[in-house]
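Visitor: Just dropping this structure here.
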Amino acid sequence: MNNSTHSVLIISYYWPPAGGSGVQRWMYFAKHLKQLGWNPHIITVIPEKASYAVLDYSLENEVVNIPVSRTQTSEPLQWYSLFTTASKRKGIPQGEVNTNGLLKKFAAFIRGNFFIPDARKGWRHFALDQAKKIFKENSFSHVITTGPPHSAHWIGNQLKKEFSIQWIADFRDPWTTVFYNSNMYRMSWAKEKDLEEEASILLNADRILTTVGGAFHEELKSKAPKQNFYAIPNGYDSDLFRNIPKTSLTDFHIVYTGLLTENQAYTSLVKALKKFQNLYRIQLSLAGQIAHKTIEYFRTELPKIRIIYHGYLPHHKAVALMKSGDLLLNFIFKGADKTMISGKLLEYIATGVPILSIGEPESEVAHFLQKGTAALMAKPNQNKIIEECIHKAILQRGKWVNHFPELEEWSRKALTKKLIQILESSY
């Protein structure tokens, strides 16, 4: 029997070897909870059965001593991916809903109206059964559910009804108002059902966590004004950043890492770089989930710039790439300007490298970036501002450094201490 006052059950669909920023939030929380005297236990899905868009086996090294229970699942996304792309991973939706062609429009309609709250809901009954078995053998002071997929919160809701447990629901992204819902041809009854399920979670949980304050936080609070809300952002792993040396290239080095879709205004960057490709030696390094046609667009429009596409990199290699840059790029998802902060943004900030972000200047991300000494948010149509930022980074290469106040407060360990305060306040 474990020490129930310091034991927490974390229910997360995404867990190593899943890759991407979504998995890292609770992977690092669990790692540091363990280091700080807590006993985290994870319920997740069998990776071979999961609809993971990318895998990163290097992340398993971060959580070797944390007990994990993996369950079966039943969901359609892998088969949809196989049918549309001949791969079980390539066609799993990430950050956008593809509606090019009748088949994909129909798939979006089915997903938006019959898989509520999401197309991974087939996992939740398996996870609930596993959680009940674990509860018979162990005592936990808290259950934490994290979404997306927001269907994970249903598991916490059911456990709350059956066991004497403090339940915290963590919203990494919006639920009913997430930007890509508008592309899924949702019927009014589907929207109403989704709102009802969201309200049930917001009202029944003992605490609600979000990754950011501001508009997204306030939107949720308006739906459950008596609820206890807390914001803990995603952070950076200070040990990892200390252990990876900063390198530099001969050419001026621009770096982008992460997901890049048609929902992001990368064409604005290309227009600006056209002005500089004949004046300076530039390398543009791209890493992450980026469509082949997007890579070809960069290469066609910028023939004088050396463009390297690394594909999806293990996390430590992605950090090394960031630290080798002279300018880091960030593109906000259209429609998510005021509600989402990219999980990689704190890692960008921790490098000290200047940051150019393209999105809405009156947004939570922009206000956050303004704390740094070499970070800028520009609208997609602010061509002159974008060009000036790139030119300044080139002319002041190595001298223009993005100092961020009290950076250590945004480390994963420091943020886990804030999480512990929330856990202890709910006894």
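Residues are referred to by chain and number: the chain letter is A, B, ... according to the order shown in the structure tokens, the number counts from 1 in that chain, and ligands are numbered separately from 1 in the order shown.
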List every residue of range 114-329 of chain A that DSSP, applied to the backbone of this structure, assigns to helix (DSSP H, G or I), and report them as a ChimeraX atom specification.

Guide: /A:114,121-137,152-162,179-183,188-204,215-223,238-243,266-274,292-301,315-323

Visitor: Which residues are close to Asn402 in chain A, i.e. within 6 Å by only C-alpha atoms, leaving aside same-chain residues fewer than 4 positions away? Reply as an MDAnalysis selection string.

Guide: chainID A and resid 352:354 372:374

Visitor: Please produce a file of those selected residues containing N, CA and C atoms, as a short mmCIF file (atom, residue, chain, number, x, y, z; two decimals), in the first residue's frame.

Guide:
```cif
data_model
loop_
_atom_site.label_atom_id
_atom_site.label_comp_id
_atom_site.auth_asym_id
_atom_site.auth_seq_id
_atom_site.Cartn_x
_atom_site.Cartn_y
_atom_site.Cartn_z
N GLY A 352 17.59 31.81 -25.12
CA GLY A 352 18.16 33.16 -25.21
C GLY A 352 18.26 33.68 -26.63
N VAL A 353 17.84 32.86 -27.61
CA VAL A 353 17.91 33.25 -29.02
C VAL A 353 16.74 34.19 -29.34
N PRO A 354 16.93 35.23 -30.16
CA PRO A 354 15.82 36.10 -30.56
C PRO A 354 14.68 35.31 -31.18
N GLY A 372 10.48 39.53 -22.80
CA GLY A 372 11.84 39.29 -23.26
C GLY A 372 12.43 40.51 -23.95
N THR A 373 13.76 40.54 -24.04
CA THR A 373 14.45 41.68 -24.64
C THR A 373 14.67 41.53 -26.14
N ALA A 374 14.39 40.34 -26.69
CA ALA A 374 14.60 40.13 -28.13
C ALA A 374 13.53 39.19 -28.66
#
```

Visitor: At most 9 Å is the cut-off: for each residue in range 127-241 of chain A with any atom that close to an atom of range 28-46 of chain A, write down the nearest atom pair and the distance in Å rounded to one decimal, counting only C-alpha atoms, chain first then increasing number, as JSON lines.

Guide:
```
{"residue": "A:Ala127", "atom": "CA", "partner": "A:Ile43", "partner_atom": "CA", "distance": 6.7}
{"residue": "A:Gln130", "atom": "CA", "partner": "A:Ile43", "partner_atom": "CA", "distance": 7.6}
{"residue": "A:Ala131", "atom": "CA", "partner": "A:Ile43", "partner_atom": "CA", "distance": 7.3}
{"residue": "A:Phe140", "atom": "CA", "partner": "A:Asn39", "partner_atom": "CA", "distance": 9.0}
{"residue": "A:Asp237", "atom": "CA", "partner": "A:Tyr28", "partner_atom": "CA", "distance": 8.0}
```

Visitor: Taking the DSSP secondary structure from the backbone, can you list the residues of range 98-200 of chain A that are strand (DSSP E or B), as a list of chain:residue names?

Guide: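 DSSP-assigned strand (DSSP E or B) residues in range 98-200 of chain A: A:His142, A:Val143, A:Ile144, A:Thr145, A:Thr146, A:Gly147, A:Gln166, A:Trp167, A:Ile168, A:Ala169, A:Asp170, A:Phe171.
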
Visitor: Once you count only C-alpha atoms, what closest atom pair and distance in Å to one decimal does each residue of range 357-411 of chain A within 12 Å of range 345-349 of chain A have, with rows by chain and rising residue number, as a tab-separated table?

Guide:
```
residue	atom	partner	partner_atom	distance
A:Ser357	CA	A:Leu345	CA	9.8
A:Val365	CA	A:Leu345	CA	8.8
A:Ala366	CA	A:Leu345	CA	11.0
A:Phe368	CA	A:Leu345	CA	9.7
A:Leu369	CA	A:Ile349	CA	8.3
A:Gln370	CA	A:Ile349	CA	11.2
A:Lys371	CA	A:Ile349	CA	10.1
A:Gly372	CA	A:Ile349	CA	7.9
A:Thr373	CA	A:Ile349	CA	10.3
A:Ala374	CA	A:Ile349	CA	9.5
A:Ala375	CA	A:Ile349	CA	8.6
A:Leu376	CA	A:Ile349	CA	11.7
A:Val401	CA	A:Ile349	CA	10.2
A:Asn402	CA	A:Ile349	CA	7.1
A:His403	CA	A:Ile349	CA	8.1
A:Phe404	CA	A:Ile349	CA	7.1
A:Pro405	CA	A:Ile349	CA	10.4
A:Glu406	CA	A:Ile349	CA	11.6
A:Leu407	CA	A:Ile349	CA	8.4
A:Glu408	CA	A:Leu346	CA	10.8
A:Glu409	CA	A:Leu346	CA	11.0
A:Trp410	CA	A:Leu346	CA	7.5
A:Ser411	CA	A:Leu346	CA	8.6
```

Visitor: Restricting the calculation to only C-alpha atoms: of A:Lys191, A:His153, A:Arg299, A:His315, which residue gets closest to Lys344 in chain A?

Guide: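 Closest residue, counting only C-alpha atoms: A:His315.
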
Visitor: With only C-alpha atoms as the atoms that count, which of A:Val319, A:Val255, A:Leu260, A:Ala265 lies nearest to Ser285 in chain A?

Guide: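 Once distances to Ser285 in chain A are computed over only C-alpha atoms, the minimum belongs to A:Val255.
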
Visitor: Rounded to one decimal in Å, what is the spacing between CA of His125 in chain A and CA of Gln72 in chain A?

Guide: 9.5 Å

Visitor: Which residue gives the smallest distance to Gly235 in chain A among A:Leu59, A:Val212, A:Val270, A:Val178, with only C-alpha atoms counted?

Guide: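 The shortest atom-to-atom distance to Gly235 in chain A comes from A:Val212.
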
Visitor: Skip Trp175 in chain A itself and residues of its chain fewer than 5 positions away, then list as a VMD selection string all residues within 9 Å of it, counting only C-alpha atoms.

Guide: chain A and resid 117 147 to 150 194 to 195 198

Visitor: Restricting it to N, CA and C atoms, dump the selection as a compact mmCIF listing (two decimals), in the first residue's frame.

Guide:
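File written: result-v2.txt
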```txt
# COMPACT_ATOMS: atom_id res chain seq x y z
N PRO A 117 -16.67 13.79 -27.06
CA PRO A 117 -16.03 15.04 -27.44
C PRO A 117 -14.90 14.90 -28.47
N GLY A 147 -6.49 16.83 -20.91
CA GLY A 147 -6.99 16.80 -22.27
C GLY A 147 -6.51 18.01 -23.04
N PRO A 148 -6.43 17.89 -24.36
CA PRO A 148 -7.00 16.82 -25.18
C PRO A 148 -6.19 15.52 -25.13
N PRO A 149 -6.89 14.39 -25.45
CA PRO A 149 -8.32 14.32 -25.74
C PRO A 149 -9.15 14.58 -24.48
N HIS A 150 -10.15 15.42 -24.60
CA HIS A 150 -10.96 15.80 -23.44
C HIS A 150 -11.86 14.67 -22.97
N ASP A 194 -21.79 18.57 -26.86
CA ASP A 194 -20.41 18.86 -26.49
C ASP A 194 -20.37 19.86 -25.33
N LEU A 195 -21.20 20.89 -25.41
CA LEU A 195 -21.27 21.89 -24.34
C LEU A 195 -21.72 21.27 -23.04
N GLU A 198 -18.80 19.30 -21.59
CA GLU A 198 -17.79 20.22 -21.06
C GLU A 198 -18.26 20.80 -19.73
```

Visitor: How many Å lie between CA of Ser141 in chain A and CA of Ile10 in chain A, rounded to one decimal?

Guide: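 Computed distance, CA of Ser141 in chain A to CA of Ile10 in chain A, equals 11.3 Å.
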
Visitor: Determine the nearest neighbour of Ile307 in chain A from the options A:Thr351, A:Arg186, A:Leu415, A:Phe252, counting only C-alpha atoms.

Guide: A:Phe252

Visitor: Using only C-alpha atoms for the distances, tell me which of A:Gln24, A:Thr250, A:Thr176, A:Asn204 is nearest to Leu159 in chain A.

Guide: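 That would be A:Asn204, the residue with the smallest distance to Leu159 in chain A.
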
Visitor: Record the distance separating CA of Val54 in chain A and CA of Gly19 in chain A, expressed in Å with one decimal.

Guide: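 These two atoms are separated by 5.2 Å.
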